[in-house]
file target06.txt (compact mmCIF, C-alpha atoms and all ligand atoms)
# COMPACT_ATOMS: atom_id res chain seq x y z
CA MET A 19 -32.04 -13.02 0.47
CA LYS A 20 -29.27 -10.48 0.69
CA ASP A 21 -27.71 -9.97 -2.72
CA ARG A 22 -24.61 -8.22 -1.48
CA LYS A 23 -21.26 -9.86 -2.14
CA LEU A 24 -18.21 -9.69 0.08
CA LEU A 25 -15.37 -7.93 -1.73
CA MET A 26 -12.19 -9.76 -0.73
CA ILE A 27 -9.77 -8.51 -3.39
CA PRO A 28 -6.55 -6.62 -2.62
CA GLY A 29 -8.24 -3.24 -3.11
CA PRO A 30 -10.71 -1.70 -3.33
CA ILE A 31 -11.80 -3.33 -0.09
CA GLU A 32 -14.98 -3.28 2.02
CA PHE A 33 -15.65 0.12 3.60
CA THR A 34 -17.41 0.98 6.86
CA PRO A 35 -20.96 2.43 6.76
CA GLU A 36 -19.63 5.64 8.33
CA VAL A 37 -17.07 6.09 5.53
CA LEU A 38 -19.71 5.41 2.88
CA ARG A 39 -22.09 7.88 4.53
CA ALA A 40 -19.39 10.56 4.30
CA MET A 41 -19.11 9.80 0.58
CA GLY A 42 -22.84 10.38 0.16
CA MET A 43 -23.09 13.63 2.15
CA PRO A 44 -24.07 16.84 0.39
CA THR A 45 -20.80 18.22 -0.90
CA THR A 46 -19.63 21.36 0.85
CA SER A 47 -17.48 24.13 -0.56
CA HIS A 48 -13.77 23.34 -0.33
CA VAL A 49 -13.41 26.52 1.73
CA ALA A 50 -16.35 25.87 4.08
CA PRO A 51 -15.20 26.15 7.72
CA ASN A 52 -16.30 22.60 8.57
CA PHE A 53 -14.38 21.17 5.57
CA ILE A 54 -11.25 23.15 6.46
CA GLU A 55 -11.37 21.54 9.91
CA VAL A 56 -11.86 18.06 8.41
CA PHE A 57 -8.97 18.45 5.96
CA GLY A 58 -6.70 19.81 8.72
CA GLN A 59 -7.60 16.89 10.99
CA ALA A 60 -7.07 14.33 8.23
CA LEU A 61 -3.53 15.64 7.66
CA GLU A 62 -2.75 15.43 11.39
CA ARG A 63 -4.16 11.90 11.58
CA LEU A 64 -2.17 10.73 8.57
CA ARG A 65 1.02 11.50 10.45
CA GLN A 66 -0.19 9.25 13.27
CA VAL A 67 -1.25 6.40 10.99
CA PHE A 68 2.09 6.47 9.14
CA LEU A 69 3.82 6.73 12.55
CA CYS A 70 5.80 9.71 11.29
CA PRO A 71 5.43 12.61 13.72
CA SER A 72 7.84 14.87 11.82
CA GLY A 73 6.50 14.05 8.34
CA GLN A 74 4.75 16.31 5.86
CA PRO A 75 1.53 14.68 4.64
CA PHE A 76 0.10 15.25 1.15
CA VAL A 77 -3.48 14.33 0.22
CA ILE A 78 -4.02 14.71 -3.51
CA ALA A 79 -6.78 13.51 -5.85
CA GLY A 80 -5.47 10.55 -7.82
CA SER A 81 -4.63 6.88 -7.41
CA GLY A 82 -1.61 5.14 -5.90
CA THR A 83 0.27 5.52 -9.16
CA LEU A 84 0.04 9.29 -8.77
CA ALA A 85 1.58 8.94 -5.30
CA MET A 86 4.51 7.07 -6.93
CA ASP A 87 4.70 9.75 -9.63
CA ILE A 88 4.76 12.49 -6.97
CA ALA A 89 7.66 10.79 -5.16
CA ALA A 90 9.73 10.44 -8.33
CA ALA A 91 8.86 13.85 -9.80
CA ASN A 92 9.86 15.74 -6.66
CA LEU A 93 12.92 13.76 -5.60
CA ILE A 94 14.59 12.83 -8.88
CA GLU A 95 16.57 15.13 -11.16
CA PRO A 96 17.91 14.01 -14.54
CA GLY A 97 21.05 11.92 -14.10
CA ASP A 98 20.32 10.88 -10.49
CA LYS A 99 20.97 7.25 -9.69
CA ALA A 100 18.12 5.24 -8.21
CA LEU A 101 17.99 1.72 -6.87
CA VAL A 102 14.82 -0.37 -7.14
CA VAL A 103 14.49 -3.34 -4.81
CA ASN A 104 12.37 -5.37 -7.21
CA THR A 105 9.78 -7.83 -5.95
CA GLY A 106 7.47 -7.80 -8.95
CA TYR A 107 4.83 -5.93 -10.88
CA PHE A 108 4.68 -2.71 -8.88
CA SER A 109 8.46 -2.48 -8.47
CA ASN A 110 8.70 -2.58 -12.28
CA ARG A 111 6.25 0.30 -12.39
CA PHE A 112 8.40 2.35 -9.99
CA ALA A 113 11.46 1.73 -12.17
CA ASP A 114 9.54 2.99 -15.22
CA ILE A 115 8.39 6.12 -13.40
CA LEU A 116 11.89 6.91 -12.10
CA GLU A 117 13.31 6.52 -15.60
CA ARG A 118 10.65 8.84 -16.98
CA TYR A 119 12.07 11.59 -14.73
CA GLY A 120 15.60 10.98 -15.95
CA ALA A 121 16.96 8.66 -13.27
CA THR A 122 19.52 5.99 -14.08
CA VAL A 123 17.89 2.98 -12.49
CA THR A 124 19.63 -0.11 -11.13
CA GLN A 125 17.42 -2.97 -10.04
CA VAL A 126 18.07 -5.73 -7.57
CA HIS A 127 15.71 -8.53 -8.49
CA ALA A 128 14.38 -11.31 -6.34
CA PRO A 129 15.94 -14.66 -7.34
CA ALA A 130 12.51 -16.06 -8.25
CA VAL A 131 8.85 -15.09 -8.29
CA GLY A 132 7.67 -15.20 -4.68
CA ASP A 133 11.08 -14.46 -3.25
CA VAL A 134 12.77 -11.22 -2.14
CA PRO A 135 16.24 -9.84 -2.90
CA ALA A 136 18.74 -10.67 -0.13
CA LEU A 137 19.77 -7.79 2.14
CA GLU A 138 23.42 -8.61 1.40
CA GLU A 139 22.84 -8.21 -2.30
CA VAL A 140 21.18 -4.82 -1.83
CA GLU A 141 24.02 -3.78 0.47
CA ALA A 142 26.65 -4.80 -2.10
CA VAL A 143 24.94 -2.73 -4.80
CA LEU A 144 24.66 0.27 -2.49
CA LYS A 145 28.35 -0.02 -1.67
CA GLU A 146 29.28 -0.26 -5.33
CA GLY A 147 27.28 2.90 -5.97
CA GLY A 148 29.60 4.81 -3.64
CA PRO A 149 28.61 7.67 -1.35
CA SER A 150 25.75 9.85 -2.53
CA THR A 151 27.29 12.92 -0.92
CA GLY A 152 30.62 14.51 -1.92
CA SER A 153 31.40 13.24 -5.40
CA GLY A 154 27.67 12.82 -6.02
CA HIS A 155 28.12 9.51 -7.83
CA GLY A 156 26.15 7.32 -5.44
CA TYR A 157 22.47 6.44 -5.34
CA LYS A 158 20.21 9.32 -4.47
CA LEU A 159 17.20 7.17 -3.74
CA MET A 160 16.04 3.60 -3.31
CA THR A 161 12.50 2.30 -3.65
CA ILE A 162 11.03 -0.63 -1.78
CA THR A 163 7.61 -2.16 -2.48
CA HIS A 164 6.50 -3.15 1.02
CA VAL A 165 3.91 -5.61 -0.21
CA ASP A 166 3.88 -6.62 -3.86
CA THR A 167 0.17 -6.96 -4.52
CA SER A 168 0.78 -9.18 -7.51
CA THR A 169 2.41 -11.93 -5.43
CA ALA A 170 1.62 -11.26 -1.71
CA VAL A 171 5.37 -10.99 -1.13
CA GLY A 172 6.27 -8.77 1.82
CA VAL A 173 9.80 -7.47 2.27
CA ASP A 174 11.85 -6.58 5.34
CA VAL A 175 11.33 -2.81 5.04
CA ARG A 176 13.02 -2.17 8.36
CA GLY A 177 16.23 -3.96 7.32
CA LEU A 178 16.28 -2.41 3.85
CA ALA A 179 15.58 1.09 5.17
CA ALA A 180 18.45 0.75 7.66
CA LEU A 181 20.77 -0.11 4.76
CA GLY A 182 19.54 2.88 2.78
CA ARG A 183 20.18 5.20 5.72
CA GLU A 184 23.64 3.73 6.26
CA HIS A 185 24.51 4.62 2.68
CA ASP A 186 22.87 8.03 2.82
CA VAL A 187 20.23 7.13 0.26
CA LEU A 188 16.66 8.46 0.40
CA VAL A 189 14.40 5.56 1.33
CA VAL A 190 11.06 5.54 -0.51
CA VAL A 191 8.46 2.92 0.37
CA ASP A 192 5.50 2.01 -1.83
CA GLY A 193 3.09 1.10 0.94
CA VAL A 194 -0.02 0.98 -1.25
CA CYS A 195 -0.80 -2.55 -0.08
CA SER A 196 0.60 -2.14 3.41
CA VAL A 197 0.01 1.21 5.15
CA ALA A 198 -2.57 0.89 7.97
CA GLY A 199 -2.54 -2.92 7.78
CA GLU A 200 1.00 -4.24 7.64
CA GLU A 201 3.33 -3.06 10.40
CA MET A 202 5.17 0.03 9.13
CA ARG A 203 6.82 2.60 11.39
CA GLN A 204 7.94 5.32 9.05
CA GLU A 205 9.99 7.52 11.34
CA GLU A 206 11.43 4.83 13.60
CA TRP A 207 12.50 2.73 10.61
CA GLY A 208 14.13 5.67 8.79
CA ILE A 209 11.75 5.80 5.82
CA ASP A 210 12.07 9.15 4.08
CA LEU A 211 8.89 8.92 2.04
CA ALA A 212 6.01 6.49 2.34
CA LEU A 213 3.02 6.46 0.05
CA THR A 214 -0.32 4.74 -0.32
CA ALA A 215 -3.74 5.09 -1.90
CA SER A 216 -7.13 5.39 -0.25
CA GLN A 217 -8.73 2.14 -1.48
CA LYS A 218 -6.65 -0.37 0.47
CA ALA A 219 -6.05 -0.69 4.21
CA ILE A 220 -6.76 3.04 4.66
CA GLY A 221 -10.38 2.08 3.95
CA VAL A 222 -11.71 4.82 1.65
CA PRO A 223 -13.05 4.45 -1.92
CA PRO A 224 -10.45 4.89 -4.67
CA GLY A 225 -9.35 8.40 -5.57
CA LEU A 226 -6.75 9.67 -3.10
CA ALA A 227 -2.98 9.58 -3.41
CA LEU A 228 -1.48 9.78 0.08
CA VAL A 229 2.16 10.64 0.70
CA VAL A 230 4.07 11.38 3.90
CA ALA A 231 7.50 12.89 3.33
CA GLY A 232 10.06 13.04 6.13
CA PRO A 233 12.47 15.97 6.58
CA ARG A 234 15.25 14.43 4.43
CA ALA A 235 12.84 14.07 1.52
CA THR A 236 11.50 17.63 1.76
CA ASP A 237 15.11 18.91 2.09
CA ALA A 238 16.09 17.00 -1.06
CA PHE A 239 13.15 18.63 -2.82
CA ARG A 240 14.13 22.11 -1.58
CA ASN A 241 17.73 21.57 -2.73
CA ARG A 242 16.76 20.70 -6.31
CA LYS A 243 18.71 22.45 -9.02
CA THR A 244 16.03 21.97 -11.65
CA PRO A 245 12.27 22.60 -11.53
CA VAL A 246 9.92 19.65 -11.06
CA PRO A 247 9.02 18.66 -14.63
CA ASN A 248 5.40 17.84 -13.80
CA PHE A 249 2.90 20.63 -13.17
CA TYR A 250 0.26 18.68 -11.18
CA ALA A 251 2.68 16.67 -9.01
CA ASP A 252 4.95 19.58 -8.03
CA TRP A 253 5.29 20.06 -4.26
CA THR A 254 5.94 23.74 -4.96
CA ARG A 255 2.18 23.91 -5.60
CA TRP A 256 1.00 21.44 -2.95
CA LEU A 257 3.14 22.28 0.09
CA PRO A 258 1.41 25.63 0.70
CA ILE A 259 -1.97 23.91 0.30
CA MET A 260 -1.22 21.21 2.88
CA GLU A 261 0.42 23.67 5.29
CA GLY A 262 -2.51 26.03 4.81
CA TYR A 263 -5.25 23.51 5.57
CA GLU A 264 -3.35 22.21 8.55
CA ALA A 265 -3.19 25.78 9.89
CA ARG A 266 -6.96 25.85 9.20
CA GLN A 267 -6.50 28.35 6.37
CA PRO A 268 -7.77 27.17 3.01
CA ARG A 269 -5.64 27.76 -0.04
CA TYR A 270 -6.37 26.84 -3.61
CA PHE A 271 -4.37 25.05 -6.26
CA GLY A 272 -6.71 22.31 -7.57
CA THR A 273 -10.17 21.66 -6.13
CA PRO A 274 -9.80 19.04 -3.40
CA PRO A 275 -12.07 15.95 -3.62
CA VAL A 276 -14.25 17.13 -0.75
CA ASN A 277 -16.26 13.96 -0.07
CA LEU A 278 -13.23 11.67 -0.34
CA ILE A 279 -11.33 13.80 2.16
CA TRP A 280 -14.33 13.79 4.46
CA ALA A 281 -14.43 10.00 4.19
CA LEU A 282 -10.66 9.83 4.73
CA ASN A 283 -10.95 11.74 7.98
CA VAL A 284 -13.70 9.38 9.19
CA SER A 285 -11.64 6.31 8.30
CA LEU A 286 -8.42 7.65 9.85
CA GLY A 287 -10.41 8.37 13.02
CA GLN A 288 -11.64 4.76 13.07
CA ILE A 289 -8.13 3.44 12.46
CA LEU A 290 -6.72 5.49 15.32
CA ASP A 291 -9.62 4.50 17.60
CA GLU A 292 -8.63 0.87 17.03
CA GLY A 293 -4.99 1.79 17.65
CA MET A 294 -2.08 1.00 15.36
CA GLU A 295 -0.68 -1.84 17.48
CA THR A 296 -4.07 -3.58 17.77
CA ARG A 297 -4.61 -3.07 14.06
CA PHE A 298 -1.26 -4.60 13.10
CA ALA A 299 -1.95 -7.55 15.43
CA ARG A 300 -5.46 -8.06 13.97
CA HIS A 301 -4.07 -8.16 10.44
CA ARG A 302 -1.41 -10.67 11.50
CA ARG A 303 -3.95 -12.93 13.20
CA LEU A 304 -6.54 -12.91 10.41
CA SER A 305 -3.81 -13.51 7.86
CA GLU A 306 -2.48 -16.43 9.87
CA ALA A 307 -5.97 -17.93 10.10
CA PHE A 308 -6.59 -17.53 6.38
CA LYS A 309 -3.20 -18.92 5.39
CA ALA A 310 -3.72 -21.89 7.73
CA ALA A 311 -6.97 -22.64 5.86
CA VAL A 312 -5.26 -22.40 2.46
CA THR A 313 -2.53 -24.81 3.58
CA ALA A 314 -5.04 -27.23 5.12
CA LEU A 315 -6.90 -27.29 1.79
CA GLY A 316 -3.71 -28.43 0.09
CA MET A 317 -2.80 -25.17 -1.65
CA LYS A 318 0.73 -23.76 -1.83
CA GLN A 319 1.31 -20.02 -1.76
CA VAL A 320 3.30 -17.81 -4.14
CA PRO A 321 5.63 -16.37 -1.44
CA VAL A 322 8.40 -18.89 -0.89
CA SER A 323 8.26 -18.79 2.92
CA PRO A 324 6.08 -17.36 5.72
CA ASP A 325 8.65 -14.67 6.62
CA LYS A 326 8.38 -13.29 3.07
CA THR A 327 4.58 -13.14 3.11
CA ALA A 328 2.28 -10.16 3.51
CA THR A 329 -0.45 -10.04 6.13
CA THR A 330 -2.74 -7.89 3.98
CA LEU A 331 -3.35 -10.52 1.31
CA THR A 332 -2.80 -14.17 0.39
CA ALA A 333 -1.83 -15.58 -3.01
CA PRO A 334 -2.50 -19.34 -3.26
CA TYR A 335 -1.70 -21.48 -6.31
CA TYR A 336 -4.73 -23.38 -7.58
CA PRO A 337 -4.56 -27.05 -6.58
CA ASP A 338 -3.91 -29.60 -9.34
CA GLY A 339 -6.80 -29.83 -11.76
CA VAL A 340 -8.32 -26.48 -10.72
CA ASP A 341 -8.11 -23.19 -12.64
CA ARG A 342 -9.59 -19.71 -12.52
CA ALA A 343 -13.06 -21.07 -13.35
CA VAL A 344 -13.35 -21.76 -9.61
CA LEU A 345 -13.49 -17.99 -8.96
CA ALA A 346 -16.92 -17.76 -10.63
CA HIS A 347 -18.24 -20.50 -8.31
CA ILE A 348 -16.79 -18.72 -5.29
CA LYS A 349 -18.46 -15.52 -6.44
CA LYS A 350 -21.81 -17.32 -6.70
CA SER A 351 -21.32 -18.23 -3.06
CA GLY A 352 -21.08 -14.54 -2.28
CA VAL A 353 -17.35 -13.75 -2.19
CA ILE A 354 -15.42 -11.88 -4.88
CA LEU A 355 -11.74 -12.81 -5.20
CA ALA A 356 -9.04 -11.66 -7.63
CA GLY A 357 -7.19 -13.68 -10.27
CA GLY A 358 -3.44 -13.75 -10.77
CA LEU A 359 -1.56 -10.64 -11.90
CA HIS A 360 2.13 -11.49 -12.17
CA PRO A 361 2.64 -12.29 -15.88
CA ALA A 362 4.98 -15.25 -15.23
CA ILE A 363 2.37 -17.21 -13.21
CA LYS A 364 -0.87 -15.34 -13.93
CA ALA A 365 -3.03 -18.37 -14.80
CA ARG A 366 -1.77 -20.52 -11.93
CA TYR A 367 -2.83 -18.59 -8.83
CA PHE A 368 -5.43 -16.26 -7.31
CA ARG A 369 -5.45 -13.53 -4.68
CA ILE A 370 -7.49 -12.74 -1.59
CA GLY A 371 -7.24 -9.36 0.12
CA HIS A 372 -7.90 -9.30 3.88
CA MET A 373 -7.15 -5.81 5.05
CA GLY A 374 -8.84 -2.78 6.56
CA VAL A 375 -12.14 -3.41 8.29
CA VAL A 376 -11.98 -7.18 7.63
CA SER A 377 -13.22 -9.40 10.48
CA ALA A 378 -12.91 -13.02 11.61
CA SER A 379 -16.39 -13.66 10.18
CA ASP A 380 -15.25 -12.37 6.78
CA ILE A 381 -12.34 -14.80 6.89
CA LEU A 382 -14.64 -17.72 7.71
CA ALA A 383 -17.17 -16.69 5.05
CA THR A 384 -14.38 -16.52 2.48
CA VAL A 385 -12.91 -19.89 3.42
CA GLY A 386 -16.42 -21.38 3.32
CA ALA A 387 -17.04 -19.98 -0.18
CA ILE A 388 -13.65 -21.26 -1.38
CA GLU A 389 -14.43 -24.74 -0.05
CA LYS A 390 -17.77 -24.72 -1.82
CA GLY A 391 -16.19 -23.51 -5.08
CA LEU A 392 -13.44 -26.14 -4.92
CA ALA A 393 -16.01 -28.89 -4.31
CA GLN A 394 -18.08 -27.67 -7.26
CA VAL A 395 -15.14 -27.97 -9.66
CA GLY A 396 -14.43 -31.50 -8.49
CA TYR A 397 -11.44 -30.96 -6.18
CA LYS A 398 -11.27 -33.75 -3.61
CA PHE A 399 -10.85 -32.73 0.02
CA LYS A 400 -12.63 -33.27 3.31
CA ALA A 401 -15.33 -30.61 3.65
CA GLY A 402 -14.64 -28.26 6.55
CA THR A 403 -10.86 -28.81 6.59
CA GLY A 404 -10.09 -25.20 5.76
CA LEU A 405 -12.71 -23.83 8.13
CA ALA A 406 -11.38 -25.94 10.99
CA ALA A 407 -7.81 -24.74 10.38
CA ALA A 408 -8.92 -21.09 10.33
CA GLN A 409 -11.04 -21.54 13.45
CA ALA A 410 -8.16 -23.18 15.25
CA VAL A 411 -6.19 -19.93 14.85
CA LEU A 412 -9.14 -17.63 15.49
CA THR A 413 -10.22 -19.32 18.72
CA THR A 414 -6.80 -19.33 20.38
N1 LIG B 1 1.72 -0.14 -5.69
C1 LIG B 1 1.15 -1.24 -5.19
C2 LIG B 1 1.93 -2.10 -4.26
C3 LIG B 1 -0.17 -1.54 -5.52
O1 LIG B 1 -0.74 -2.61 -5.02
C4 LIG B 1 -0.89 -0.68 -6.40
C5 LIG B 1 -2.32 -0.97 -6.79
N2 LIG B 1 -2.74 -2.24 -6.70
C6 LIG B 1 -0.23 0.43 -6.90
C7 LIG B 1 1.07 0.68 -6.51
C8 LIG B 1 -0.91 1.37 -7.83
O2 LIG B 1 -2.01 1.96 -7.22
P1 LIG B 1 -3.27 2.45 -8.08
O3 LIG B 1 -3.85 1.26 -8.74
O4 LIG B 1 -4.17 3.05 -7.04
O5 LIG B 1 -2.76 3.46 -9.06

call {"tool": "encode", "arguments": {"input": "target06.txt", "output": "structure tokens"}}
result
Amino acid sequence: MKDRKLLMIPGPIEFTPEVLRAMGMPTTSHVAPNFIEVFGQALERLRQVFLCPSGQPFVIAGSGTLAMDIAAANLIEPGDKALVVNTGYFSNRFADILERYGATVTQVHAPAVGDVPALEEVEAVLKEGGPSTGSGHGYKLMTITHVDTSTAVGVDVRGLAALGREHDVLVVVDGVCSVAGEEMRQEEWGIDLALTASQKAIGVPPGLALVVAGPRATDAFRNRKTPVPNFYADWTRWLPIMEGYEARQPRYFGTPPVNLIWALNVSLGQILDEGMETRFARHRRLSEAFKAAVTALGMKQVPVSPDKTATTLTAPYYPDGVDRAVLAHIKKSGVILAGGLHPAIKARYFRIGHMGVVSASDILATVGAIEKGLAQVGYKFKAGTGLAAAQAVLTT
């Protein structure tokens, strides 16, 4: 019997055999001609996946938190005002990072766990902040967590980014749980910097911080009055590296993670072969099928309504009488899920990632394992209810 388990957590995700093969290849020199070509191609493809033709991509060894650190280190100077649209755990982290670089941070919080801050409230705070140009008293930057991985809450990035632009604020999007899965159109939506990490919908093992900076972000960096107070994150070091590799001329600052970048190029190629529109639609459909199953099994979700819900993951509350012990049963049936993360509700819910290379069969296998686990812990429901609800969506 196959011993392999299906990894359905919100990152790291399942990876394609081609990506994994690239990880296992003999490592080349970072200045080998074939690696230079691969790195150059990966940078070009990132622009296409982020839908940001005029952006400057950065591929740097590190996790998603480094990508957040890079954004803050290069765009914030001590005393700058920053606005955090706070939807949970990872928005808190962004506020901490911004403060570390000397920003004065204002946060607009969601009214409750599972909800999002109202556009009107964000607009009112931006207005209060005044213009960022001229007197220089307004907000320099706002951060938006596209999908809060702790709650499966998805925000209206397009609407928020439009507000940011209107008030001349740099719009920074933490897309760690969204890019290449959730619909995000960086340039069209006016996002000045978007960031992610390799291990989620990008489909590459953990280890790469990925950032695409639009022209307003790189201008803000060039107009800094103070040096970037972080040696490793400084774009002064990395810009020539990225420009060099894209021009197929290797340059050295820190040794690039050769195999990860090789794997990244393979995965980006697969993503673009599928096509961004098809990919967004697939994520929507699989998410709808999975969420239909969760509802049919009598479970409520953390996001307060479907329009505030991500398509890359689902966060159901355990039904009455069930707790995280069910996850061990589900794992025995071959599917690994994640527990709760948001401190306020941690013990009451669990999380299922369905992004990247995920298929309809993975969704059905996961629902089947959840049904089996629920039955084993004594939850009463009609066997097959969740599977039928998922199939009803998948077969239309
Ligand atoms: N932001 C979001 C929305 C995330 O989901 C995560 C990771 N789960 C991070 C930031 C941090 O990324 P990493 O764990 O790769 O540092």

call {"tool": "closest_residue", "arguments": {"input": "target06.txt", "among": "A:Asp192, A:Asp380, A:Glu389, A:Glu139", "to": "ligand LIG 1 (chain B)", "atoms": "only C-alpha atoms and all ligand atoms"}}
result
A:Asp192

call {"tool": "closest_atom_pairs", "arguments": {"input": "target06.txt", "of": "chain A", "to": "ligand LIG 1 (chain B)", "cutoff": "8 Å", "atoms": "only C-alpha atoms and all ligand atoms", "output": "tab-separated table"}}
result
residue	atom	partner	partner_atom	distance
A:Pro28	CA	B:LIG1	N2	7.1
A:Gly29	CA	B:LIG1	N2	6.6
A:Gly80	CA	B:LIG1	O4	7.7
A:Ser81	CA	B:LIG1	O4	3.9
A:Gly82	CA	B:LIG1	O2	3.5
A:Thr83	CA	B:LIG1	O5	3.7
A:Leu84	CA	B:LIG1	O5	6.5
A:Ala85	CA	B:LIG1	O5	7.9
A:Met86	CA	B:LIG1	C7	7.3
A:Phe108	CA	B:LIG1	N1	5.1
A:Ser109	CA	B:LIG1	N1	7.7
A:Arg111	CA	B:LIG1	C7	7.8
A:Thr163	CA	B:LIG1	C2	6.0
A:His164	CA	B:LIG1	C2	7.1
A:Val165	CA	B:LIG1	C2	5.7
A:Asp166	CA	B:LIG1	C2	4.9
A:Thr167	CA	B:LIG1	O1	4.5
A:Ser168	CA	B:LIG1	O1	7.2
A:Asp192	CA	B:LIG1	N1	5.8
A:Gly193	CA	B:LIG1	C2	6.2
A:Val194	CA	B:LIG1	C1	4.7
A:Cys195	CA	B:LIG1	O1	4.9
A:Ser196	CA	B:LIG1	C2	7.8
A:Thr214	CA	B:LIG1	C7	7.5
A:Ala215	CA	B:LIG1	O4	5.5
A:Ser216	CA	B:LIG1	O4	7.8
A:Gln217	CA	B:LIG1	O4	7.2
A:Pro224	CA	B:LIG1	O4	7.0
A:Gly225	CA	B:LIG1	O4	7.6
A:Ala227	CA	B:LIG1	O4	7.6

call {"tool": "write_last_selection", "arguments": {"input": "target06.txt", "atoms": "C-alpha atoms", "output": "compact mmCIF listing (two decimals), keeping the file's coordinate frame"}}
result
# COMPACT_ATOMS: atom_id res chain seq x y z
CA PRO A 28 -6.55 -6.62 -2.62
CA GLY A 29 -8.24 -3.24 -3.11
CA GLY A 80 -5.47 10.55 -7.82
CA SER A 81 -4.63 6.88 -7.41
CA GLY A 82 -1.61 5.14 -5.90
CA THR A 83 0.27 5.52 -9.16
CA LEU A 84 0.04 9.29 -8.77
CA ALA A 85 1.58 8.94 -5.30
CA MET A 86 4.51 7.07 -6.93
CA PHE A 108 4.68 -2.71 -8.88
CA SER A 109 8.46 -2.48 -8.47
CA ARG A 111 6.25 0.30 -12.39
CA THR A 163 7.61 -2.16 -2.48
CA HIS A 164 6.50 -3.15 1.02
CA VAL A 165 3.91 -5.61 -0.21
CA ASP A 166 3.88 -6.62 -3.86
CA THR A 167 0.17 -6.96 -4.52
CA SER A 168 0.78 -9.18 -7.51
CA ASP A 192 5.50 2.01 -1.83
CA GLY A 193 3.09 1.10 0.94
CA VAL A 194 -0.02 0.98 -1.25
CA CYS A 195 -0.80 -2.55 -0.08
CA SER A 196 0.60 -2.14 3.41
CA THR A 214 -0.32 4.74 -0.32
CA ALA A 215 -3.74 5.09 -1.90
CA SER A 216 -7.13 5.39 -0.25
CA GLN A 217 -8.73 2.14 -1.48
CA PRO A 224 -10.45 4.89 -4.67
CA GLY A 225 -9.35 8.40 -5.57
CA ALA A 227 -2.98 9.58 -3.41

call {"tool": "closest_residue", "arguments": {"input": "target06.txt", "among": "A:Leu178, A:Ala333, A:Ala378, A:Met373", "to": "Ala136 (chain A)", "atoms": "all atoms listed in the file"}}
result
A:Leu178

call {"tool": "atom_distance", "arguments": {"input": "target06.txt", "atom1": "CA of Val320 (chain A)", "atom2": "CA of Phe308 (chain A)"}}
result
14.4 Å

call {"tool": "residues_around", "arguments": {"input": "target06.txt", "residues": "Ile162 (chain A)", "least_positions_apart": "2", "cutoff": "7 Å", "atoms": "all atoms listed in the file", "output": "list in words"}}
result
Val102, Val103, Met160, His164, Val190, Val191 and Asp192 of chain A

call {"tool": "residues_near_point", "arguments": {"input": "target06.txt", "point": "(-6.9, -29.9, -0.4)", "cutoff": "6 Å", "atoms": "only C-alpha atoms", "output": "short mmCIF file (atom, residue, chain, number, x, y, z; two decimals) with C-alpha atoms, keeping the file's coordinate frame"}}
result
data_model
loop_
_atom_site.label_atom_id
_atom_site.label_comp_id
_atom_site.auth_asym_id
_atom_site.auth_seq_id
_atom_site.Cartn_x
_atom_site.Cartn_y
_atom_site.Cartn_z
CA LEU A 315 -6.90 -27.29 1.79
CA GLY A 316 -3.71 -28.43 0.09
CA PHE A 399 -10.85 -32.73 0.02
#

call {"tool": "residues_near_point", "arguments": {"input": "target06.txt", "point": "(-0.1, -19.2, -6.4)", "cutoff": "10 Å", "atoms": "all atoms listed in the file", "output": "number ranges by chain"}}
result
A: 132, 169-170, 317-321, 332-337, 357-358, 360, 363-369

call {"tool": "atom_distance", "arguments": {"input": "target06.txt", "atom1": "CA of Ile78 (chain A)", "atom2": "CA of Leu226 (chain A)"}}
result
5.7 Å

call {"tool": "atom_distance", "arguments": {"input": "target06.txt", "atom1": "CA of Ala393 (chain A)", "atom2": "CA of Val312 (chain A)"}}
result
14.3 Å

call {"tool": "closest_residue", "arguments": {"input": "target06.txt", "among": "A:Ser47, A:Gln409, A:Asn248, A:Thr122", "to": "Pro268 (chain A)", "atoms": "only C-alpha atoms"}}
result
A:Ser47

call {"tool": "residues_around", "arguments": {"input": "target06.txt", "residues": "Gln204 (chain A)", "least_positions_apart": "4", "cutoff": "12 Å", "atoms": "all atoms listed in the file", "output": "number ranges by chain"}}
result
A: 64-74, 164, 175-176, 179-180, 189-193, 196-198, 200, 208-213, 229-233

call {"tool": "decode", "arguments": {"input": "target06.txt", "residues": "region 226-232 of chain A", "atoms": "N, CA and C atoms", "output": "compact mmCIF listing (two decimals), in the first residue's frame"}}
result
# COMPACT_ATOMS: atom_id res chain seq x y z
N LEU A 226 12.37 30.55 -0.75
CA LEU A 226 12.54 31.73 -1.59
C LEU A 226 11.58 32.83 -1.18
N ALA A 227 12.13 34.03 -0.99
CA ALA A 227 11.32 35.24 -0.81
C ALA A 227 11.19 35.88 -2.19
N LEU A 228 9.96 36.14 -2.60
CA LEU A 228 9.70 36.66 -3.95
C LEU A 228 8.99 38.01 -3.84
N VAL A 229 9.56 39.01 -4.48
CA VAL A 229 9.00 40.36 -4.39
C VAL A 229 8.95 40.94 -5.80
N VAL A 230 7.85 41.59 -6.15
CA VAL A 230 7.82 42.37 -7.39
C VAL A 230 7.46 43.81 -7.02
N ALA A 231 8.38 44.72 -7.33
CA ALA A 231 8.20 46.13 -6.99
C ALA A 231 7.89 46.92 -8.24
N GLY A 232 6.80 47.67 -8.21
CA GLY A 232 6.44 48.54 -9.33
C GLY A 232 7.29 49.80 -9.31
